[in-house]
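What follows is a single structure, written as structure tokens, with notes after it.
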2 protein chains.
Amino acid sequence: MRTPDRSGAPHTDLDPQLAARLKRDPDGLITAVVQDATDHRVLMVGWMDDEALHRTLTSGRATYWSRSRGEYWRKGDTSGHVQWVRSVALDCDADTLLVRVDQVGAACHRGTDTCFDDGDLDALVLDPTERTA
Amino acid sequence: MRTPDRSGAPHTDLDPQLAARLKRDPDGLITAVVQDATDHRVLMVGWMDDEALHRTLTSGRATYWSRSRGEYWRKGDTSGHVQWVRSVALDCDADTLLVRVDQVGAACHRGTDTCFDDGDLDALVLDPTERTA
């Protein structure tokens, strides 16, 4: 996946102490896993740079960096499917965020509740009696 | 984050039809969000290439590509903290997997239940009465 030029990304007011903890990918982004705060479904995965994280933490609404469009993307501005932030946690490696939200409407741009609603892949699921590590 | 050379990655027997759907990053990897199948907590995020996905789908155990060590990593081989696969789903963009597992012991290498147990970041959470999109 090609990542657009982000040289035009604005100055950010993200807390410098938090910014110093983040481990960004070569494009300056960290992974954001988005989970419904009520039913705990994993809704989608997005990407944030420092400014998207700053906006997410300070505005009450989940905001991402769109890698395909090369611009900030405040979820719901076009679709109405707003994500109201309930909590944000950084993982042990400081390269992934878990964003818990109150989701308005469908999380997926295809109109489904989550981005993982296209059916499970064919996977071997061992019965507990067969599980010998 | 530097990604090690993967030129030594083996041939894979991943189903060609599935392989044709995947949208990999420049390093040949896709994101894998790992969720506890029972309590629905998000446990961690890992990375899979085609062979790691093949092993995950056919062995009953979640297997990743370790970007830091540059090798396959079958969760639990060292720690005993095995992840038994319950389901695997691909997202709408075909670049992210949701892997639901039965987790044995701690999911995080730091010994915590999940990799997101280090406390929430300071975030503005709007009261429902304040939410005007």
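By convention here, the chains of the structure tokens are called A, B, ... in the order presented, each chain's residues are numbered starting at 1, and ligands are numbered starting at 1 in the order presented.
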With a cut-off of 6 Å, could you pull out the residues of chain B touching chain A and give me the nearest pair of atoms for each, distance in Å to one decimal, using only C-alpha atoms, ordered by chain and ascending number, as CSV?
```
residue,atom,partner,partner_atom,distance
B:Met1,CA,A:Asp25,CA,5.3
B:Asp25,CA,A:Met1,CA,5.3
B:Leu57,CA,A:Ala123,CA,4.4
B:Thr58,CA,A:Leu124,CA,5.3
B:Gly60,CA,A:Leu124,CA,5.3
B:Val85,CA,A:Val125,CA,5.8
B:Arg86,CA,A:Val125,CA,5.6
B:Val88,CA,A:Asp120,CA,5.5
B:Ala89,CA,A:Asp120,CA,4.5
B:Leu90,CA,A:Phe116,CA,5.9
B:Asp91,CA,A:Phe116,CA,4.5
B:Cys92,CA,A:Cys115,CA,5.3
B:Cys115,CA,A:Asp91,CA,5.0
B:Phe116,CA,A:Asp91,CA,4.5
B:Asp120,CA,A:Ala89,CA,4.5
B:Leu121,CA,A:Ala89,CA,5.5
B:Ala123,CA,A:Leu57,CA,4.4
B:Leu124,CA,A:Thr58,CA,5.3
B:Val125,CA,A:Gly60,CA,5.4
B:Leu126,CA,A:Gly60,CA,5.7
```
Resulting file, chosen residues, C-alpha atoms, as a short mmCIF file (atom, residue, chain, number, x, y, z; two decimals), in the first residue's frame:
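Printed below is selection.cif as written:
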```cif
data_model
loop_
_atom_site.label_atom_id
_atom_site.label_comp_id
_atom_site.auth_asym_id
_atom_site.auth_seq_id
_atom_site.Cartn_x
_atom_site.Cartn_y
_atom_site.Cartn_z
CA MET B 1 10.33 0.61 13.10
CA ASP B 25 2.18 -3.60 3.26
CA LEU B 57 -5.47 -21.23 9.61
CA THR B 58 -4.24 -24.83 9.46
CA GLY B 60 -5.15 -24.29 15.32
CA VAL B 85 -7.66 -20.14 17.18
CA ARG B 86 -11.43 -19.79 17.34
CA VAL B 88 -10.18 -15.59 11.64
CA ALA B 89 -11.84 -12.83 9.60
CA LEU B 90 -10.46 -10.50 6.94
CA ASP B 91 -11.58 -6.88 6.87
CA CYS B 92 -13.23 -5.00 4.01
CA CYS B 115 -0.92 -5.40 25.77
CA PHE B 116 -3.19 -2.44 26.56
CA ASP B 120 -5.73 4.89 29.56
CA LEU B 121 -4.40 8.08 28.03
CA ALA B 123 -8.83 11.84 26.75
CA LEU B 124 -11.82 14.13 26.57
CA VAL B 125 -14.95 12.00 26.87
CA LEU B 126 -18.06 13.98 26.01
#
```
Can you check which residues of chain B DSSP gives as strand (DSSP E) on the backbone and send them as a ChimeraX atom specification? /B:30-36,42-48,63-66,71-74,83-90,96-103
Which residues come within 10 Å of Tyr72 of chain B, counting only C-alpha atoms, excluding same-chain residues fewer than 3 positions away, as a PyMOL selection string? chain B and resi 9+47-49+51-52+55+63-67+69+75
Kindly export the residues of the current selection with C-alpha atoms, as an mmCIF file, in the first residue's frame.
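Saved as result16.cif:
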```cif
data_model
loop_
_atom_site.group_PDB
_atom_site.id
_atom_site.type_symbol
_atom_site.label_atom_id
_atom_site.label_comp_id
_atom_site.auth_asym_id
_atom_site.auth_seq_id
_atom_site.Cartn_x
_atom_site.Cartn_y
_atom_site.Cartn_z
ATOM 1 C CA ALA B 9 10.838 -16.416 4.074
ATOM 2 C CA TRP B 47 1.770 -9.118 12.001
ATOM 3 C CA MET B 48 1.378 -11.969 9.526
ATOM 4 C CA ASP B 49 2.827 -12.748 6.156
ATOM 5 C CA GLU B 51 2.924 -18.258 5.615
ATOM 6 C CA ALA B 52 2.074 -17.067 9.145
ATOM 7 C CA ARG B 55 -0.019 -21.726 9.724
ATOM 8 C CA THR B 63 1.355 -17.686 14.441
ATOM 9 C CA TYR B 64 2.938 -14.342 13.570
ATOM 10 C CA TRP B 65 5.903 -12.825 11.810
ATOM 11 C CA SER B 66 8.061 -11.100 14.405
ATOM 12 C CA ARG B 67 9.214 -7.825 12.897
ATOM 13 C CA ARG B 69 13.301 -10.759 15.517
ATOM 14 C CA LYS B 75 2.565 -17.681 20.234
#
```
Å distance separating atom CA of Leu29 of chain B from atom CA of Asp50 of chain B, one decimal place: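 That distance, rounded to one decimal, is 7.7 Å.
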